[in-house]
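A quick write-up on the structure given underneath.
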Amino acid sequence: GPLIDAGARDDVHALVTAAVDAGATAVTGGALVDGPGYFYQPTVLANVPNDAAILGQEIFGPVAPVTTFTTEQEAITLANSTEYGLASYLYSRDFNKLLRVAEQIEFGMIGFNAGIISNAAAPFGGVKQSGLGREGGTEGITEYTTTQYIGITDPHTS
């Protein structure tokens, strides 16, 4: 996957290397790409320890760190343990479970059984350190407006 510059590529590689050193397994990828440009191999990491830095950072690279959980509450706690909250993705056949978990996790956008959730008509943005305000949708338009309140005395009462 292409990255913006050498620093971004090196940051991704450092996160992957640290996770592997902490016990994660690189199922695929996990290395720099030789040649011109700033590319990093698409990477899947399994058995990532819950305290690995890669689980608490916005990676901005082609890396999928995978960890496991036993209970629904443990999954919610893991999801909320990061200071970031742009997007999350929930997969289940149980729609009530999807709604229940979505109400408890702290993310600006949530995909139900979908990998692509961006839509020009929908607001785009995160919470916590992943953004303030929204782009797109009516919520995004309000970012470009100024609200003004004018109070007028009722002329029929004096």
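Ligands are numbered from 1 in the order shown, residues from 1 within each chain, and chains are lettered A, B, ... in the order they appear in the structure tokens.
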TODO: Taking the DSSP assignment computed from this structure's backbone, write out as an NGL selection string all residues of chain A that belong to strand (DSSP E).
DONE: :A and (25-28 or 43-46 or 63-65 or 84-85 or 87-90 or 109-112 or 127-128)
Selected residues, N, CA, C and O atoms, written as a PDB file, in the first residue's frame, please.
```
ATOM      1  N   THR A  25       1.822 -12.391  15.424  1.00  0.00           N
ATOM      2  CA  THR A  25       2.314 -13.158  14.289  1.00  0.00           C
ATOM      3  C   THR A  25       1.922 -12.457  13.001  1.00  0.00           C
ATOM      4  O   THR A  25       0.745 -12.129  12.815  1.00  0.00           O
ATOM      5  N   ALA A  26       2.898 -12.235  12.121  1.00  0.00           N
ATOM      6  CA  ALA A  26       2.599 -11.654  10.809  1.00  0.00           C
ATOM      7  C   ALA A  26       2.101 -12.786   9.915  1.00  0.00           C
ATOM      8  O   ALA A  26       2.880 -13.620   9.454  1.00  0.00           O
ATOM      9  N   VAL A  27       0.793 -12.814   9.690  1.00  0.00           N
ATOM     10  CA  VAL A  27       0.188 -13.849   8.852  1.00  0.00           C
ATOM     11  C   VAL A  27       0.574 -13.613   7.400  1.00  0.00           C
ATOM     12  O   VAL A  27       0.854 -14.542   6.653  1.00  0.00           O
ATOM     13  N   THR A  28       0.597 -12.349   7.020  1.00  0.00           N
ATOM     14  CA  THR A  28       1.054 -11.956   5.684  1.00  0.00           C
ATOM     15  C   THR A  28       1.630 -10.557   5.778  1.00  0.00           C
ATOM     16  O   THR A  28       1.246  -9.773   6.644  1.00  0.00           O
ATOM     17  N   THR A  43      -0.576  -6.055   5.354  1.00  0.00           N
ATOM     18  CA  THR A  43      -0.156  -6.871   6.491  1.00  0.00           C
ATOM     19  C   THR A  43      -1.346  -7.252   7.363  1.00  0.00           C
ATOM     20  O   THR A  43      -2.185  -6.414   7.670  1.00  0.00           O
ATOM     21  N   VAL A  44      -1.383  -8.525   7.757  1.00  0.00           N
ATOM     22  CA  VAL A  44      -2.340  -9.007   8.742  1.00  0.00           C
ATOM     23  C   VAL A  44      -1.536  -9.566   9.906  1.00  0.00           C
ATOM     24  O   VAL A  44      -0.672 -10.423   9.708  1.00  0.00           O
ATOM     25  N   LEU A  45      -1.816  -9.033  11.095  1.00  0.00           N
ATOM     26  CA  LEU A  45      -1.167  -9.513  12.308  1.00  0.00           C
ATOM     27  C   LEU A  45      -2.180 -10.273  13.152  1.00  0.00           C
ATOM     28  O   LEU A  45      -3.268  -9.773  13.417  1.00  0.00           O
ATOM     29  N   ALA A  46      -1.819 -11.483  13.585  1.00  0.00           N
ATOM     30  CA  ALA A  46      -2.697 -12.287  14.442  1.00  0.00           C
ATOM     31  C   ALA A  46      -2.128 -12.318  15.850  1.00  0.00           C
ATOM     32  O   ALA A  46      -0.936 -12.077  16.060  1.00  0.00           O
ATOM     33  N   VAL A  63      -2.481  -2.207   7.318  1.00  0.00           N
ATOM     34  CA  VAL A  63      -2.224  -3.176   8.378  1.00  0.00           C
ATOM     35  C   VAL A  63      -3.518  -3.473   9.123  1.00  0.00           C
ATOM     36  O   VAL A  63      -4.221  -2.554   9.530  1.00  0.00           O
ATOM     37  N   ALA A  64      -3.802  -4.750   9.309  1.00  0.00           N
ATOM     38  CA  ALA A  64      -4.974  -5.179  10.077  1.00  0.00           C
ATOM     39  C   ALA A  64      -4.479  -5.979  11.283  1.00  0.00           C
ATOM     40  O   ALA A  64      -4.144  -7.157  11.156  1.00  0.00           O
ATOM     41  N   PRO A  65      -4.412  -5.330  12.465  1.00  0.00           N
ATOM     42  CA  PRO A  65      -4.046  -6.086  13.658  1.00  0.00           C
ATOM     43  C   PRO A  65      -5.276  -6.801  14.212  1.00  0.00           C
ATOM     44  O   PRO A  65      -6.330  -6.200  14.362  1.00  0.00           O
ATOM     45  N   TYR A  84      -8.681   7.210  20.012  1.00  0.00           N
ATOM     46  CA  TYR A  84      -9.186   7.548  18.684  1.00  0.00           C
ATOM     47  C   TYR A  84     -10.579   6.965  18.485  1.00  0.00           C
ATOM     48  O   TYR A  84     -10.983   6.063  19.197  1.00  0.00           O
ATOM     49  N   GLY A  85     -11.298   7.472  17.496  1.00  0.00           N
ATOM     50  CA  GLY A  85     -12.648   6.976  17.273  1.00  0.00           C
ATOM     51  C   GLY A  85     -13.229   7.410  15.943  1.00  0.00           C
ATOM     52  O   GLY A  85     -14.303   7.996  15.908  1.00  0.00           O
ATOM     53  N   ALA A  87     -13.754   5.318  12.857  1.00  0.00           N
ATOM     54  CA  ALA A  87     -14.713   4.341  12.337  1.00  0.00           C
ATOM     55  C   ALA A  87     -14.496   2.973  12.977  1.00  0.00           C
ATOM     56  O   ALA A  87     -13.385   2.632  13.358  1.00  0.00           O
ATOM     57  N   SER A  88     -15.570   2.228  13.072  1.00  0.00           N
ATOM     58  CA  SER A  88     -15.483   0.849  13.540  1.00  0.00           C
ATOM     59  C   SER A  88     -16.434   0.011  12.696  1.00  0.00           C
ATOM     60  O   SER A  88     -17.339   0.530  12.049  1.00  0.00           O
ATOM     61  N   TYR A  89     -16.206  -1.284  12.735  1.00  0.00           N
ATOM     62  CA  TYR A  89     -16.973  -2.197  11.899  1.00  0.00           C
ATOM     63  C   TYR A  89     -17.410  -3.378  12.748  1.00  0.00           C
ATOM     64  O   TYR A  89     -16.597  -4.013  13.407  1.00  0.00           O
ATOM     65  N   LEU A  90     -18.707  -3.647  12.737  1.00  0.00           N
ATOM     66  CA  LEU A  90     -19.272  -4.736  13.522  1.00  0.00           C
ATOM     67  C   LEU A  90     -19.868  -5.773  12.580  1.00  0.00           C
ATOM     68  O   LEU A  90     -20.581  -5.409  11.635  1.00  0.00           O
ATOM     69  N   MET A 109     -18.344   6.813  13.213  1.00  0.00           N
ATOM     70  CA  MET A 109     -19.017   6.062  12.149  1.00  0.00           C
ATOM     71  C   MET A 109     -18.906   4.574  12.470  1.00  0.00           C
ATOM     72  O   MET A 109     -17.863   4.113  12.931  1.00  0.00           O
ATOM     73  N   ILE A 110     -19.983   3.850  12.221  1.00  0.00           N
ATOM     74  CA  ILE A 110     -19.992   2.414  12.488  1.00  0.00           C
ATOM     75  C   ILE A 110     -20.612   1.707  11.300  1.00  0.00           C
ATOM     76  O   ILE A 110     -21.691   2.068  10.837  1.00  0.00           O
ATOM     77  N   GLY A 111     -19.925   0.693  10.799  1.00  0.00           N
ATOM     78  CA  GLY A 111     -20.440  -0.119   9.702  1.00  0.00           C
ATOM     79  C   GLY A 111     -20.988  -1.424  10.232  1.00  0.00           C
ATOM     80  O   GLY A 111     -20.319  -2.112  11.006  1.00  0.00           O
ATOM     81  N   PHE A 112     -22.197  -1.752   9.859  1.00  0.00           N
ATOM     82  CA  PHE A 112     -22.807  -3.042  10.214  1.00  0.00           C
ATOM     83  C   PHE A 112     -22.624  -3.986   9.036  1.00  0.00           C
ATOM     84  O   PHE A 112     -23.187  -3.765   7.957  1.00  0.00           O
ATOM     85  N   VAL A 127     -14.738  10.848  16.636  1.00  0.00           N
ATOM     86  CA  VAL A 127     -14.841  11.396  17.982  1.00  0.00           C
ATOM     87  C   VAL A 127     -13.479  11.262  18.654  1.00  0.00           C
ATOM     88  O   VAL A 127     -12.555  10.691  18.091  1.00  0.00           O
ATOM     89  N   LYS A 128     -13.383  11.757  19.860  1.00  0.00           N
ATOM     90  CA  LYS A 128     -12.138  11.756  20.623  1.00  0.00           C
ATOM     91  C   LYS A 128     -11.051  12.434  19.783  1.00  0.00           C
ATOM     92  O   LYS A 128     -11.294  13.503  19.226  1.00  0.00           O
TER      93      LYS A 128
END
```
Open item on the list: Taking 2 positions as the minimum chain separation for residues in the same chain, which residues sit within 12 Å of Gln104 in chain A when counting only C-alpha atoms? Answer as a list in words.
Closed with: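 Selected residues are Glu72, Gln73, Glu74, Ala75, Ile76, Thr77, Leu78, Ala79, Asn80, Ser88, Lys97, Leu98, Leu99, Arg100, Val101, Ala102, Glu106, Phe107, Gly108 and Ile110 of chain A.
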Keeping only N, CA, C and O atoms, write the selected residues as a PDB file, in the first residue's frame.
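So the final result, stored in selection37.pdb, reads:
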```
ATOM      1  N   GLU A  72     -18.812 -10.073  25.021  1.00  0.00           N
ATOM      2  CA  GLU A  72     -19.221  -8.837  24.354  1.00  0.00           C
ATOM      3  C   GLU A  72     -18.680  -7.623  25.103  1.00  0.00           C
ATOM      4  O   GLU A  72     -18.177  -6.677  24.490  1.00  0.00           O
ATOM      5  N   GLN A  73     -18.754  -7.640  26.419  1.00  0.00           N
ATOM      6  CA  GLN A  73     -18.264  -6.506  27.207  1.00  0.00           C
ATOM      7  C   GLN A  73     -16.760  -6.325  27.034  1.00  0.00           C
ATOM      8  O   GLN A  73     -16.264  -5.197  26.986  1.00  0.00           O
ATOM      9  N   GLU A  74     -16.027  -7.405  26.938  1.00  0.00           N
ATOM     10  CA  GLU A  74     -14.585  -7.317  26.708  1.00  0.00           C
ATOM     11  C   GLU A  74     -14.300  -6.665  25.349  1.00  0.00           C
ATOM     12  O   GLU A  74     -13.396  -5.831  25.232  1.00  0.00           O
ATOM     13  N   ALA A  75     -15.080  -7.004  24.341  1.00  0.00           N
ATOM     14  CA  ALA A  75     -14.912  -6.400  23.012  1.00  0.00           C
ATOM     15  C   ALA A  75     -15.182  -4.896  23.061  1.00  0.00           C
ATOM     16  O   ALA A  75     -14.446  -4.095  22.468  1.00  0.00           O
ATOM     17  N   ILE A  76     -16.208  -4.504  23.789  1.00  0.00           N
ATOM     18  CA  ILE A  76     -16.553  -3.082  23.924  1.00  0.00           C
ATOM     19  C   ILE A  76     -15.434  -2.342  24.655  1.00  0.00           C
ATOM     20  O   ILE A  76     -15.010  -1.250  24.233  1.00  0.00           O
ATOM     21  N   THR A  77     -14.926  -2.935  25.713  1.00  0.00           N
ATOM     22  CA  THR A  77     -13.828  -2.320  26.465  1.00  0.00           C
ATOM     23  C   THR A  77     -12.591  -2.167  25.595  1.00  0.00           C
ATOM     24  O   THR A  77     -11.939  -1.114  25.595  1.00  0.00           O
ATOM     25  N   LEU A  78     -12.248  -3.194  24.820  1.00  0.00           N
ATOM     26  CA  LEU A  78     -11.103  -3.115  23.916  1.00  0.00           C
ATOM     27  C   LEU A  78     -11.303  -2.021  22.867  1.00  0.00           C
ATOM     28  O   LEU A  78     -10.392  -1.240  22.589  1.00  0.00           O
ATOM     29  N   ALA A  79     -12.492  -1.956  22.300  1.00  0.00           N
ATOM     30  CA  ALA A  79     -12.773  -0.946  21.265  1.00  0.00           C
ATOM     31  C   ALA A  79     -12.651   0.458  21.821  1.00  0.00           C
ATOM     32  O   ALA A  79     -12.115   1.357  21.161  1.00  0.00           O
ATOM     33  N   ASN A  80     -13.115   0.677  23.028  1.00  0.00           N
ATOM     34  CA  ASN A  80     -13.108   2.012  23.625  1.00  0.00           C
ATOM     35  C   ASN A  80     -11.785   2.367  24.292  1.00  0.00           C
ATOM     36  O   ASN A  80     -11.621   3.501  24.760  1.00  0.00           O
ATOM     37  N   SER A  88     -15.570   2.228  13.072  1.00  0.00           N
ATOM     38  CA  SER A  88     -15.483   0.849  13.540  1.00  0.00           C
ATOM     39  C   SER A  88     -16.434   0.011  12.696  1.00  0.00           C
ATOM     40  O   SER A  88     -17.339   0.530  12.049  1.00  0.00           O
ATOM     41  N   LYS A  97     -27.763  -7.386  18.584  1.00  0.00           N
ATOM     42  CA  LYS A  97     -26.416  -7.291  19.145  1.00  0.00           C
ATOM     43  C   LYS A  97     -25.660  -6.136  18.489  1.00  0.00           C
ATOM     44  O   LYS A  97     -24.973  -5.370  19.171  1.00  0.00           O
ATOM     45  N   LEU A  98     -25.787  -5.988  17.175  1.00  0.00           N
ATOM     46  CA  LEU A  98     -25.128  -4.880  16.476  1.00  0.00           C
ATOM     47  C   LEU A  98     -25.570  -3.539  17.054  1.00  0.00           C
ATOM     48  O   LEU A  98     -24.740  -2.669  17.341  1.00  0.00           O
ATOM     49  N   LEU A  99     -26.870  -3.377  17.254  1.00  0.00           N
ATOM     50  CA  LEU A  99     -27.385  -2.127  17.813  1.00  0.00           C
ATOM     51  C   LEU A  99     -26.914  -1.922  19.245  1.00  0.00           C
ATOM     52  O   LEU A  99     -26.516  -0.807  19.632  1.00  0.00           O
ATOM     53  N   ARG A 100     -26.941  -2.970  20.032  1.00  0.00           N
ATOM     54  CA  ARG A 100     -26.539  -2.878  21.440  1.00  0.00           C
ATOM     55  C   ARG A 100     -25.070  -2.467  21.561  1.00  0.00           C
ATOM     56  O   ARG A 100     -24.717  -1.563  22.333  1.00  0.00           O
ATOM     57  N   VAL A 101     -24.208  -3.089  20.770  1.00  0.00           N
ATOM     58  CA  VAL A 101     -22.785  -2.762  20.823  1.00  0.00           C
ATOM     59  C   VAL A 101     -22.539  -1.363  20.269  1.00  0.00           C
ATOM     60  O   VAL A 101     -21.765  -0.585  20.833  1.00  0.00           O
ATOM     61  N   ALA A 102     -23.205  -1.003  19.178  1.00  0.00           N
ATOM     62  CA  ALA A 102     -23.023   0.324  18.576  1.00  0.00           C
ATOM     63  C   ALA A 102     -23.354   1.429  19.563  1.00  0.00           C
ATOM     64  O   ALA A 102     -22.711   2.484  19.561  1.00  0.00           O
ATOM     65  N   GLU A 106     -17.440   4.040  21.197  1.00  0.00           N
ATOM     66  CA  GLU A 106     -17.212   5.460  20.980  1.00  0.00           C
ATOM     67  C   GLU A 106     -16.525   5.701  19.639  1.00  0.00           C
ATOM     68  O   GLU A 106     -15.298   5.857  19.571  1.00  0.00           O
ATOM     69  N   PHE A 107     -17.335   5.747  18.577  1.00  0.00           N
ATOM     70  CA  PHE A 107     -16.818   5.974  17.228  1.00  0.00           C
ATOM     71  C   PHE A 107     -17.789   6.865  16.470  1.00  0.00           C
ATOM     72  O   PHE A 107     -18.996   6.785  16.671  1.00  0.00           O
ATOM     73  N   GLY A 108     -17.245   7.698  15.590  1.00  0.00           N
ATOM     74  CA  GLY A 108     -18.079   8.613  14.823  1.00  0.00           C
ATOM     75  C   GLY A 108     -18.868   7.917  13.729  1.00  0.00           C
ATOM     76  O   GLY A 108     -19.930   8.382  13.332  1.00  0.00           O
ATOM     77  N   ILE A 110     -19.983   3.850  12.221  1.00  0.00           N
ATOM     78  CA  ILE A 110     -19.992   2.414  12.488  1.00  0.00           C
ATOM     79  C   ILE A 110     -20.612   1.707  11.300  1.00  0.00           C
ATOM     80  O   ILE A 110     -21.691   2.068  10.837  1.00  0.00           O
TER      81      ILE A 110
END
```
Open item on the list: Using only C-alpha atoms, can you tell me which of A:Asp34, A:Asp10, A:Asp51, A:Asp5 comes closest to Ala22 in chain A?
Closed with: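 Going through A:Asp34, A:Asp10, A:Asp51, A:Asp5 one by one, the smallest distance to Ala22 in chain A is for A:Asp51.
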Open item on the list: I'd like to know which of A:Gly126, A:Ala14, A:Gly140, A:Arg93 is closest to Asn113 in chain A, using only C-alpha atoms.
Closed with: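 That would be A:Arg93, the residue with the smallest distance to Asn113 in chain A.
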Task: Test item: residues at most 9 Å from Leu55 in chain A, only C-alpha atoms, excluding those fewer than 4 positions along its chain, as a list in words - done: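 In the requested format, the answer is Val48, Pro49, Asn50, Asp51, Ile59, Pro65, Val66, Thr67, Leu78, Ser81 and Thr82 of chain A.
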Dump N, CA, C and O atoms for the selected residues as an mmCIF file, in the first residue's frame?
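What follows is the written file selection_25.cif:
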```cif
data_model
loop_
_atom_site.group_PDB
_atom_site.id
_atom_site.type_symbol
_atom_site.label_atom_id
_atom_site.label_comp_id
_atom_site.auth_asym_id
_atom_site.auth_seq_id
_atom_site.Cartn_x
_atom_site.Cartn_y
_atom_site.Cartn_z
ATOM 1 N N VAL A 48 -2.396 -10.381 18.387
ATOM 2 C CA VAL A 48 -1.791 -9.133 18.853
ATOM 3 C C VAL A 48 -2.124 -8.955 20.336
ATOM 4 O O VAL A 48 -3.295 -8.992 20.717
ATOM 5 N N PRO A 49 -1.112 -8.767 21.173
ATOM 6 C CA PRO A 49 -1.384 -8.559 22.602
ATOM 7 C C PRO A 49 -2.214 -7.291 22.819
ATOM 8 O O PRO A 49 -2.029 -6.299 22.113
ATOM 9 N N ASN A 50 -3.112 -7.336 23.791
ATOM 10 C CA ASN A 50 -4.013 -6.197 24.030
ATOM 11 C C ASN A 50 -3.288 -4.913 24.407
ATOM 12 O O ASN A 50 -3.834 -3.827 24.242
ATOM 13 N N ASP A 51 -2.057 -5.016 24.896
ATOM 14 C CA ASP A 51 -1.313 -3.809 25.260
ATOM 15 C C ASP A 51 -0.354 -3.345 24.162
ATOM 16 O O ASP A 51 0.417 -2.403 24.368
ATOM 17 N N ILE A 59 -3.272 3.798 12.394
ATOM 18 C CA ILE A 59 -2.131 3.274 11.656
ATOM 19 C C ILE A 59 -1.908 4.014 10.333
ATOM 20 O O ILE A 59 -0.793 4.292 9.943
ATOM 21 N N PRO A 65 -4.412 -5.330 12.465
ATOM 22 C CA PRO A 65 -4.046 -6.086 13.658
ATOM 23 C C PRO A 65 -5.276 -6.801 14.212
ATOM 24 O O PRO A 65 -6.330 -6.200 14.362
ATOM 25 N N VAL A 66 -5.152 -8.079 14.489
ATOM 26 C CA VAL A 66 -6.287 -8.881 14.935
ATOM 27 C C VAL A 66 -6.026 -9.375 16.354
ATOM 28 O O VAL A 66 -4.956 -9.911 16.656
ATOM 29 N N THR A 67 -7.019 -9.179 17.205
ATOM 30 C CA THR A 67 -6.962 -9.696 18.559
ATOM 31 C C THR A 67 -8.277 -10.426 18.825
ATOM 32 O O THR A 67 -9.197 -10.366 18.004
ATOM 33 N N LEU A 78 -12.248 -3.194 24.820
ATOM 34 C CA LEU A 78 -11.103 -3.115 23.916
ATOM 35 C C LEU A 78 -11.303 -2.021 22.867
ATOM 36 O O LEU A 78 -10.392 -1.240 22.589
ATOM 37 N N SER A 81 -10.828 1.449 24.326
ATOM 38 C CA SER A 81 -9.584 1.700 25.053
ATOM 39 C C SER A 81 -8.619 2.613 24.317
ATOM 40 O O SER A 81 -7.601 3.002 24.869
ATOM 41 N N THR A 82 -8.915 2.979 23.101
ATOM 42 C CA THR A 82 -8.062 3.879 22.340
ATOM 43 C C THR A 82 -8.558 5.312 22.456
ATOM 44 O O THR A 82 -9.741 5.544 22.688
#
```
Task: CA of Gln129 in chain A to CA of Phe60 in chain A, distance in Å rounded to a single decimal - done: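 Interatomic distance here is 14.2 Å.
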- [ ] Take CA of Thr145 in chain A and CA of Ile117 in chain A and report the distance between them in Å, one decimal.
- [x]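 Interatomic distance, CA of Thr145 in chain A to CA of Ile117 in chain A: 25.9 Å.
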TODO: Identify, on the basis of only C-alpha atoms, every residue whose closest approach to Thr138 in chain A does not exceed 12 Å; exclude the query and any residue fewer than 3 positions from it along the same chain; express the result as a list in words.
DONE: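 Contacts, in chain order: Ala120, Ala121, Ala122, Pro123, Phe124, Gly133, Arg134, Glu135, Ile141, Thr142, Glu143, Tyr144 and Thr145 of chain A.
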TODO: Considering only C-alpha atoms, state which residue in the set A:Ala18, A:Leu132, A:Ala114, A:Ala24 is at the smallest distance from Tyr91 in chain A.
DONE: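 When distances to Tyr91 in chain A are compared using only C-alpha atoms, the smallest one comes from A:Ala114.
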Open item on the list: Please extract the residues of range 51-88 of chain A with a backbone DSSP assignment of alpha helix (DSSP H) and present them as a ChimeraX atom specification.
Closed with: /A:72-80
Create the file for the chosen residues now, containing all heavy atoms and written as a PDB file, in the first residue's frame.
```pdb
ATOM      1  N   GLU A  72     -18.812 -10.073  25.021  1.00  0.00           N
ATOM      2  CA  GLU A  72     -19.221  -8.837  24.354  1.00  0.00           C
ATOM      3  C   GLU A  72     -18.680  -7.623  25.103  1.00  0.00           C
ATOM      4  O   GLU A  72     -18.177  -6.677  24.490  1.00  0.00           O
ATOM      5  CB  GLU A  72     -20.746  -8.787  24.283  1.00  0.00           C
ATOM      6  CG  GLU A  72     -21.307  -7.635  23.513  1.00  0.00           C
ATOM      7  CD  GLU A  72     -22.820  -7.721  23.425  1.00  0.00           C
ATOM      8  OE1 GLU A  72     -23.340  -8.699  22.838  1.00  0.00           O
ATOM      9  OE2 GLU A  72     -23.477  -6.802  23.948  1.00  0.00           O
ATOM     10  N   GLN A  73     -18.754  -7.640  26.419  1.00  0.00           N
ATOM     11  CA  GLN A  73     -18.264  -6.506  27.207  1.00  0.00           C
ATOM     12  C   GLN A  73     -16.760  -6.325  27.034  1.00  0.00           C
ATOM     13  O   GLN A  73     -16.264  -5.197  26.986  1.00  0.00           O
ATOM     14  CB  GLN A  73     -18.623  -6.661  28.687  1.00  0.00           C
ATOM     15  CG  GLN A  73     -18.326  -5.416  29.495  1.00  0.00           C
ATOM     16  CD  GLN A  73     -18.999  -4.157  28.927  1.00  0.00           C
ATOM     17  OE1 GLN A  73     -20.190  -4.135  28.704  1.00  0.00           O
ATOM     18  NE2 GLN A  73     -18.213  -3.116  28.672  1.00  0.00           N
ATOM     19  N   GLU A  74     -16.027  -7.405  26.938  1.00  0.00           N
ATOM     20  CA  GLU A  74     -14.585  -7.317  26.708  1.00  0.00           C
ATOM     21  C   GLU A  74     -14.300  -6.665  25.349  1.00  0.00           C
ATOM     22  O   GLU A  74     -13.396  -5.831  25.232  1.00  0.00           O
ATOM     23  CB  GLU A  74     -13.934  -8.699  26.780  1.00  0.00           C
ATOM     24  CG  GLU A  74     -12.425  -8.674  26.628  1.00  0.00           C
ATOM     25  CD  GLU A  74     -11.805 -10.072  26.621  1.00  0.00           C
ATOM     26  OE1 GLU A  74     -12.534 -11.069  26.747  1.00  0.00           O
ATOM     27  OE2 GLU A  74     -10.577 -10.145  26.473  1.00  0.00           O
ATOM     28  N   ALA A  75     -15.080  -7.004  24.341  1.00  0.00           N
ATOM     29  CA  ALA A  75     -14.912  -6.400  23.012  1.00  0.00           C
ATOM     30  C   ALA A  75     -15.182  -4.896  23.061  1.00  0.00           C
ATOM     31  O   ALA A  75     -14.446  -4.095  22.468  1.00  0.00           O
ATOM     32  CB  ALA A  75     -15.843  -7.069  22.007  1.00  0.00           C
ATOM     33  N   ILE A  76     -16.208  -4.504  23.789  1.00  0.00           N
ATOM     34  CA  ILE A  76     -16.553  -3.082  23.924  1.00  0.00           C
ATOM     35  C   ILE A  76     -15.434  -2.342  24.655  1.00  0.00           C
ATOM     36  O   ILE A  76     -15.010  -1.250  24.233  1.00  0.00           O
ATOM     37  CB  ILE A  76     -17.911  -2.928  24.644  1.00  0.00           C
ATOM     38  CG1 ILE A  76     -19.029  -3.457  23.745  1.00  0.00           C
ATOM     39  CG2 ILE A  76     -18.157  -1.478  25.048  1.00  0.00           C
ATOM     40  CD1 ILE A  76     -20.344  -3.704  24.460  1.00  0.00           C
ATOM     41  N   THR A  77     -14.926  -2.935  25.713  1.00  0.00           N
ATOM     42  CA  THR A  77     -13.828  -2.320  26.465  1.00  0.00           C
ATOM     43  C   THR A  77     -12.591  -2.167  25.595  1.00  0.00           C
ATOM     44  O   THR A  77     -11.939  -1.114  25.595  1.00  0.00           O
ATOM     45  CB  THR A  77     -13.507  -3.160  27.723  1.00  0.00           C
ATOM     46  OG1 THR A  77     -14.681  -3.218  28.544  1.00  0.00           O
ATOM     47  CG2 THR A  77     -12.351  -2.578  28.504  1.00  0.00           C
ATOM     48  N   LEU A  78     -12.248  -3.194  24.820  1.00  0.00           N
ATOM     49  CA  LEU A  78     -11.103  -3.115  23.916  1.00  0.00           C
ATOM     50  C   LEU A  78     -11.303  -2.021  22.867  1.00  0.00           C
ATOM     51  O   LEU A  78     -10.392  -1.240  22.589  1.00  0.00           O
ATOM     52  CB  LEU A  78     -10.877  -4.459  23.214  1.00  0.00           C
ATOM     53  CG  LEU A  78     -10.215  -5.553  24.022  1.00  0.00           C
ATOM     54  CD1 LEU A  78     -10.336  -6.898  23.309  1.00  0.00           C
ATOM     55  CD2 LEU A  78      -8.759  -5.214  24.291  1.00  0.00           C
ATOM     56  N   ALA A  79     -12.492  -1.956  22.300  1.00  0.00           N
ATOM     57  CA  ALA A  79     -12.773  -0.946  21.265  1.00  0.00           C
ATOM     58  C   ALA A  79     -12.651   0.458  21.821  1.00  0.00           C
ATOM     59  O   ALA A  79     -12.115   1.357  21.161  1.00  0.00           O
ATOM     60  CB  ALA A  79     -14.167  -1.173  20.682  1.00  0.00           C
ATOM     61  N   ASN A  80     -13.115   0.677  23.028  1.00  0.00           N
ATOM     62  CA  ASN A  80     -13.108   2.012  23.625  1.00  0.00           C
ATOM     63  C   ASN A  80     -11.785   2.367  24.292  1.00  0.00           C
ATOM     64  O   ASN A  80     -11.621   3.501  24.760  1.00  0.00           O
ATOM     65  CB  ASN A  80     -14.245   2.136  24.636  1.00  0.00           C
ATOM     66  CG  ASN A  80     -15.596   2.181  23.967  1.00  0.00           C
ATOM     67  OD1 ASN A  80     -15.726   2.512  22.800  1.00  0.00           O
ATOM     68  ND2 ASN A  80     -16.622   1.828  24.716  1.00  0.00           N
TER      69      ASN A  80
END
```
Task: Between CA of Ser130 in chain A and CA of Glu58 in chain A, distance in Å (one decimal) - done: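 Those two atoms sit 8.6 Å apart.
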TODO: Can you pull out every residue within 7 Å of Pro42 in chain A, counting only C-alpha atoms, but drop anything in the same chain fewer than 2 positions away, and send it as a ChimeraX atom specification?
DONE: /A:1,29,40,62-63
Open item on the list: Could you check the closest approach to Gly7 in chain A for each of A:Thr71, A:Tyr38, A:Phe95, A:Gly30 and tell me which residue wins, using only C-alpha atoms?
Closed with: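 Among the listed residues, A:Tyr38 lies closest to Gly7 in chain A.
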TODO: Go through A:His13, A:Asn47, A:Gly115, A:Thr153 one by one, measure the shortest atom-to-atom distance of each to Ala31 in chain A using only C-alpha atoms, and give the residue with the smallest value.
DONE: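 So, comparing all the options, the nearest one is A:His13.
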